[in-house]
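Structure below is final37.cif: mmCIF, N, CA and C atoms.
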data_run
loop_
_atom_site.label_atom_id
_atom_site.label_comp_id
_atom_site.auth_asym_id
_atom_site.auth_seq_id
_atom_site.Cartn_x
_atom_site.Cartn_y
_atom_site.Cartn_z
N MET K 1 35.20 88.57 53.71
CA MET K 1 36.58 88.98 53.69
C MET K 1 36.81 90.00 52.60
N SER K 2 37.71 90.86 52.90
CA SER K 2 38.00 91.88 51.90
C SER K 2 39.08 91.40 50.95
N ALA K 3 39.31 92.16 49.93
CA ALA K 3 40.27 91.77 48.91
C ALA K 3 41.70 91.84 49.44
N THR K 4 41.99 92.79 50.32
CA THR K 4 43.35 92.92 50.84
C THR K 4 43.68 91.79 51.79
N THR K 5 42.70 91.32 52.51
CA THR K 5 42.93 90.22 53.43
C THR K 5 43.20 88.94 52.66
N ARG K 6 42.42 88.74 51.57
CA ARG K 6 42.63 87.53 50.76
C ARG K 6 43.99 87.54 50.09
N SER K 7 44.45 88.69 49.61
CA SER K 7 45.71 88.72 48.89
C SER K 7 46.89 88.45 49.83
N ARG K 8 46.76 88.89 51.08
CA ARG K 8 47.83 88.61 52.03
C ARG K 8 47.87 87.14 52.42
N SER K 9 46.74 86.58 52.62
CA SER K 9 46.71 85.18 53.03
C SER K 9 46.97 84.25 51.86
N ALA K 10 46.71 84.70 50.65
CA ALA K 10 46.93 83.85 49.49
C ALA K 10 48.40 83.79 49.13
N ARG K 11 49.12 84.80 49.54
CA ARG K 11 50.53 84.84 49.19
C ARG K 11 51.29 83.81 50.03
N PRO K 12 52.13 82.99 49.45
CA PRO K 12 52.87 81.99 50.24
C PRO K 12 53.93 82.68 51.12
N ARG K 13 54.09 82.18 52.28
CA ARG K 13 55.04 82.76 53.23
C ARG K 13 56.43 82.19 52.96
N LEU K 14 57.44 83.07 52.85
CA LEU K 14 58.81 82.63 52.62
C LEU K 14 59.53 82.51 53.96
N GLU K 15 60.14 81.38 54.16
CA GLU K 15 60.93 81.20 55.39
C GLU K 15 62.40 81.32 55.03
N ARG K 16 63.09 82.06 55.85
CA ARG K 16 64.51 82.26 55.60
C ARG K 16 65.32 81.33 56.49
N ASP K 17 66.43 80.87 55.96
CA ASP K 17 67.30 79.98 56.73
C ASP K 17 68.14 80.78 57.72
N ARG K 18 68.54 81.97 57.35
CA ARG K 18 69.38 82.79 58.23
C ARG K 18 68.59 84.01 58.68
N PRO K 19 68.90 84.49 59.87
CA PRO K 19 68.17 85.66 60.36
C PRO K 19 68.57 86.91 59.57
N ARG K 20 67.64 87.79 59.43
CA ARG K 20 67.85 89.02 58.67
C ARG K 20 68.48 90.07 59.58
N LEU K 21 69.48 90.84 59.08
CA LEU K 21 70.15 91.89 59.84
C LEU K 21 69.32 93.16 59.71
N THR K 22 68.68 93.53 60.80
CA THR K 22 67.84 94.72 60.79
C THR K 22 68.69 95.95 61.11
N GLY K 23 68.11 97.11 60.98
CA GLY K 23 68.82 98.35 61.27
C GLY K 23 69.20 98.45 62.74
N ARG K 24 68.31 98.00 63.61
CA ARG K 24 68.61 98.01 65.05
C ARG K 24 69.76 97.08 65.39
N ALA K 25 69.73 95.91 64.78
CA ALA K 25 70.80 94.95 65.05
C ALA K 25 72.13 95.47 64.54
N ALA K 26 72.14 96.11 63.38
CA ALA K 26 73.38 96.67 62.84
C ALA K 26 73.89 97.78 63.73
N ALA K 27 73.01 98.66 64.22
CA ALA K 27 73.42 99.74 65.12
C ALA K 27 73.97 99.18 66.42
N LEU K 28 73.34 98.16 66.93
CA LEU K 28 73.82 97.52 68.15
C LEU K 28 75.19 96.90 67.93
N LEU K 29 75.38 96.25 66.81
CA LEU K 29 76.67 95.63 66.48
C LEU K 29 77.76 96.70 66.37
N VAL K 30 77.47 97.81 65.74
CA VAL K 30 78.44 98.90 65.62
C VAL K 30 78.77 99.46 67.00
N ALA K 31 77.76 99.68 67.84
CA ALA K 31 77.97 100.24 69.18
C ALA K 31 78.82 99.30 70.03
N VAL K 32 78.55 98.02 69.98
CA VAL K 32 79.32 97.04 70.76
C VAL K 32 80.76 96.99 70.25
N THR K 33 80.95 97.07 68.95
CA THR K 33 82.30 97.05 68.38
C THR K 33 83.08 98.29 68.83
N ILE K 34 82.44 99.45 68.79
CA ILE K 34 83.12 100.68 69.21
C ILE K 34 83.48 100.61 70.69
N LEU K 35 82.57 100.13 71.52
CA LEU K 35 82.87 99.99 72.95
C LEU K 35 84.01 99.00 73.18
N GLY K 36 84.02 97.94 72.43
CA GLY K 36 85.11 96.95 72.55
C GLY K 36 86.45 97.54 72.18
N VAL K 37 86.50 98.31 71.10
CA VAL K 37 87.75 98.94 70.69
C VAL K 37 88.19 99.98 71.71
N MET K 38 87.25 100.72 72.25
CA MET K 38 87.59 101.74 73.25
C MET K 38 88.06 101.12 74.56
N ALA K 39 87.70 99.90 74.83
CA ALA K 39 88.10 99.23 76.08
C ALA K 39 89.52 98.65 75.99
N ILE K 40 90.09 98.57 74.81
CA ILE K 40 91.41 97.96 74.65
C ILE K 40 92.48 98.77 75.39
N VAL K 41 92.47 100.10 75.25
CA VAL K 41 93.50 100.94 75.87
C VAL K 41 93.44 100.85 77.40
N PRO K 42 92.28 101.02 78.04
CA PRO K 42 92.27 100.90 79.51
C PRO K 42 92.67 99.51 80.00
N ILE K 43 92.29 98.50 79.27
CA ILE K 43 92.69 97.14 79.68
C ILE K 43 94.20 96.98 79.59
N GLY K 44 94.80 97.53 78.53
CA GLY K 44 96.25 97.47 78.39
C GLY K 44 96.95 98.22 79.51
N ARG K 45 96.43 99.39 79.86
CA ARG K 45 97.01 100.16 80.96
C ARG K 45 96.88 99.41 82.28
N TYR K 46 95.74 98.78 82.49
CA TYR K 46 95.52 98.01 83.72
C TYR K 46 96.55 96.88 83.82
N LEU K 47 96.76 96.17 82.73
CA LEU K 47 97.72 95.06 82.74
C LEU K 47 99.14 95.58 82.96
N ASP K 48 99.49 96.70 82.33
CA ASP K 48 100.82 97.28 82.54
C ASP K 48 101.01 97.71 83.99
N GLN K 49 99.99 98.33 84.56
CA GLN K 49 100.10 98.79 85.94
C GLN K 49 100.16 97.62 86.92
N SER K 50 99.41 96.57 86.65
CA SER K 50 99.47 95.42 87.56
C SER K 50 100.84 94.75 87.48
N ALA K 51 101.45 94.73 86.29
CA ALA K 51 102.80 94.18 86.17
C ALA K 51 103.80 95.07 86.90
N ALA K 52 103.62 96.39 86.80
CA ALA K 52 104.52 97.31 87.50
C ALA K 52 104.37 97.17 89.01
N ILE K 53 103.16 96.99 89.49
CA ILE K 53 102.92 96.80 90.93
C ILE K 53 103.59 95.52 91.41
N ALA K 54 103.47 94.47 90.64
CA ALA K 54 104.11 93.20 91.02
C ALA K 54 105.62 93.36 91.06
N ASP K 55 106.19 94.11 90.12
CA ASP K 55 107.63 94.34 90.10
C ASP K 55 108.06 95.16 91.31
N ILE K 56 107.28 96.17 91.65
CA ILE K 56 107.60 97.01 92.81
C ILE K 56 107.50 96.20 94.10
N GLU K 57 106.50 95.34 94.21
CA GLU K 57 106.37 94.51 95.41
C GLU K 57 107.53 93.53 95.53
N ARG K 58 107.98 92.98 94.39
CA ARG K 58 109.13 92.08 94.41
C ARG K 58 110.38 92.83 94.85
N ARG K 59 110.56 94.02 94.31
CA ARG K 59 111.72 94.84 94.66
C ARG K 59 111.67 95.26 96.13
N THR K 60 110.48 95.55 96.65
CA THR K 60 110.32 95.91 98.06
C THR K 60 110.73 94.75 98.97
N ALA K 61 110.31 93.55 98.62
CA ALA K 61 110.70 92.38 99.41
C ALA K 61 112.21 92.17 99.37
N GLU K 62 112.79 92.37 98.19
CA GLU K 62 114.24 92.21 98.02
C GLU K 62 114.99 93.24 98.88
N LEU K 63 114.54 94.49 98.83
CA LEU K 63 115.19 95.54 99.63
C LEU K 63 114.96 95.32 101.13
N GLY K 64 113.82 94.76 101.49
CA GLY K 64 113.57 94.45 102.90
C GLY K 64 114.55 93.42 103.43
N SER K 65 114.84 92.40 102.62
CA SER K 65 115.80 91.38 103.07
C SER K 65 117.21 91.96 103.14
N GLN K 66 117.57 92.83 102.17
CA GLN K 66 118.88 93.49 102.24
C GLN K 66 118.97 94.39 103.47
N ASN K 67 117.90 95.07 103.78
CA ASN K 67 117.86 95.94 104.95
C ASN K 67 118.06 95.13 106.23
N ALA K 68 117.42 93.97 106.31
CA ALA K 68 117.58 93.12 107.49
C ALA K 68 119.03 92.63 107.62
N GLU K 69 119.65 92.29 106.49
CA GLU K 69 121.05 91.86 106.52
C GLU K 69 121.96 92.99 106.99
N LEU K 70 121.71 94.20 106.49
CA LEU K 70 122.54 95.34 106.89
C LEU K 70 122.34 95.69 108.37
N ARG K 71 121.11 95.58 108.86
CA ARG K 71 120.88 95.82 110.29
C ARG K 71 121.62 94.80 111.15
N ALA K 72 121.65 93.55 110.69
CA ALA K 72 122.38 92.51 111.43
C ALA K 72 123.88 92.81 111.42
N GLU K 73 124.39 93.29 110.29
CA GLU K 73 125.82 93.62 110.21
C GLU K 73 126.14 94.82 111.10
N ILE K 74 125.24 95.79 111.17
CA ILE K 74 125.46 96.96 112.04
C ILE K 74 125.53 96.51 113.50
N SER K 75 124.61 95.65 113.91
CA SER K 75 124.63 95.19 115.30
C SER K 75 125.88 94.34 115.57
N ARG K 76 126.33 93.60 114.56
CA ARG K 76 127.54 92.81 114.71
C ARG K 76 128.76 93.74 114.85
N LEU K 77 128.79 94.84 114.11
CA LEU K 77 129.93 95.76 114.17
C LEU K 77 129.97 96.56 115.46
N HIS K 78 128.88 96.66 116.18
CA HIS K 78 128.88 97.34 117.47
C HIS K 78 129.43 96.45 118.59
N ASP K 79 129.63 95.18 118.30
CA ASP K 79 130.17 94.24 119.29
C ASP K 79 131.68 94.51 119.44
N PRO K 80 132.17 94.68 120.66
CA PRO K 80 133.60 94.99 120.86
C PRO K 80 134.54 93.91 120.33
N THR K 81 134.16 92.64 120.44
CA THR K 81 135.05 91.59 119.93
C THR K 81 135.15 91.64 118.40
N GLU K 82 134.06 91.97 117.74
CA GLU K 82 134.10 92.10 116.27
C GLU K 82 134.94 93.31 115.87
N LEU K 83 134.83 94.40 116.62
CA LEU K 83 135.64 95.58 116.33
C LEU K 83 137.13 95.27 116.48
N GLU K 84 137.47 94.56 117.51
CA GLU K 84 138.88 94.19 117.72
C GLU K 84 139.36 93.28 116.60
N LYS K 85 138.55 92.32 116.23
CA LYS K 85 138.92 91.41 115.14
C LYS K 85 139.15 92.18 113.85
N ARG K 86 138.25 93.12 113.52
CA ARG K 86 138.40 93.92 112.29
C ARG K 86 139.64 94.81 112.37
N ALA K 87 139.91 95.38 113.55
CA ALA K 87 141.08 96.24 113.70
C ALA K 87 142.37 95.44 113.48
N ARG K 88 142.40 94.24 113.97
CA ARG K 88 143.59 93.41 113.80
C ARG K 88 143.75 92.95 112.34
N GLU K 89 142.66 92.47 111.73
CA GLU K 89 142.76 91.92 110.37
C GLU K 89 142.92 93.01 109.31
N CYS K 90 142.11 94.05 109.40
CA CYS K 90 142.07 95.04 108.33
C CYS K 90 143.12 96.14 108.50
N LEU K 91 143.31 96.57 109.73
CA LEU K 91 144.20 97.70 109.95
C LEU K 91 145.58 97.29 110.47
N GLY K 92 145.75 96.03 110.84
CA GLY K 92 147.04 95.55 111.32
C GLY K 92 147.38 96.08 112.71
N MET K 93 146.38 96.41 113.48
CA MET K 93 146.61 96.94 114.82
C MET K 93 146.90 95.80 115.79
N VAL K 94 147.60 96.16 116.85
CA VAL K 94 147.90 95.19 117.91
C VAL K 94 147.47 95.76 119.24
N GLY K 95 147.27 94.89 120.19
CA GLY K 95 146.86 95.32 121.52
C GLY K 95 148.04 95.83 122.32
N PRO K 96 147.75 96.45 123.46
CA PRO K 96 148.86 96.93 124.31
C PRO K 96 149.71 95.77 124.80
N GLY K 97 151.03 95.91 124.72
CA GLY K 97 151.97 94.88 125.17
C GLY K 97 152.23 93.81 124.12
N GLU K 98 151.57 93.84 122.97
CA GLU K 98 151.81 92.86 121.91
C GLU K 98 152.87 93.40 120.95
N VAL K 99 153.56 92.47 120.28
CA VAL K 99 154.59 92.85 119.33
C VAL K 99 154.08 92.55 117.93
N ALA K 100 154.24 93.52 117.03
CA ALA K 100 153.80 93.35 115.65
C ALA K 100 155.00 93.04 114.77
N PHE K 101 154.87 92.06 113.92
CA PHE K 101 155.93 91.71 112.98
C PHE K 101 155.48 92.12 111.58
N VAL K 102 156.35 92.79 110.88
CA VAL K 102 156.05 93.23 109.52
C VAL K 102 156.93 92.44 108.58
N THR K 103 156.34 91.82 107.59
CA THR K 103 157.09 91.03 106.61
C THR K 103 157.40 91.91 105.40
N PRO K 104 158.47 91.61 104.67
CA PRO K 104 158.84 92.44 103.53
C PRO K 104 157.81 92.38 102.38
N TRP K 105 157.09 91.32 102.26
CA TRP K 105 156.13 91.20 101.16
C TRP K 105 154.76 91.78 101.51
N GLY K 106 154.63 92.38 102.66
CA GLY K 106 153.37 93.03 103.04
C GLY K 106 152.46 92.10 103.79
N ARG K 107 151.32 92.58 104.08
CA ARG K 107 150.36 91.75 104.82
C ARG K 107 149.21 91.38 103.91
N LEU K 108 148.60 90.27 104.20
CA LEU K 108 147.43 89.83 103.44
C LEU K 108 146.19 90.48 104.04
N VAL K 109 145.39 91.08 103.23
CA VAL K 109 144.19 91.77 103.69
C VAL K 109 142.99 90.87 103.46
N SER K 110 142.17 90.81 104.48
CA SER K 110 140.95 90.00 104.40
C SER K 110 139.96 90.65 103.42
N PRO K 111 139.19 89.86 102.68
CA PRO K 111 138.24 90.45 101.74
C PRO K 111 137.09 91.17 102.44
N ASP K 112 136.91 90.99 103.75
CA ASP K 112 135.87 91.68 104.49
C ASP K 112 136.21 93.11 104.83
N CYS K 113 137.45 93.52 104.62
CA CYS K 113 137.88 94.87 105.00
C CYS K 113 137.43 95.91 104.01
#

Can you present the structure in this file as structure tokens?
Amino acid sequence: MSATTRSRSARPRLERDRPRLTGRAAALLVAVTILGVMAIVPIGRYLDQSAAIADIERRTAELGSQNAELRAEISRLHDPTELEKRARECLGMVGPGEVAFVTPWGRLVSPDC
């Protein structure tokens, strides 16, 4: 055996309790940290956009139900009996041959007019 081999083997080996931070590990840690910080903005935008989409979908459903109600009212107003009823209640009209009485305190108007 040579002298260099003996000196290496004669030296006691030190065991460490914690792992040593190498240059590669430090560079990897920095790279992962930078990527994590850079991902915060897109994740925030994604969450904001998904909340906005949910709000728009809720509003669309709400407007769809209002639209259905208005279509039902339109079809109801095209009915001749409903038109006559509205003309009598809201406008105070009378049919041919009928007599209209006017009171001094006025007429009561329906809230539907």

As number ranges by chain, please: all residues of stretch 12-57 of chain K that backbone DSSP puts in alpha helix (DSSP H).
K: 23-57

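Relative to atom CA of K:Arg20, atom CA of K:Val37 is found at 25.3 Å.
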
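Our summary of the geometry notes that atom C of K:Ala100 is positioned 16.4 Å from atom CA of K:Glu84.
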
Quick one: 8 Å padding each side, axis-aligned, all listed atoms of stretch 55-62 of chain K - centre and edge lengths in Å to one decimal, as AutoDock Vina command-line options?
--center_x 110.6 --center_y 94.5 --center_z 94.8 --size_x 24.8 --size_y 20.9 --size_z 25.3
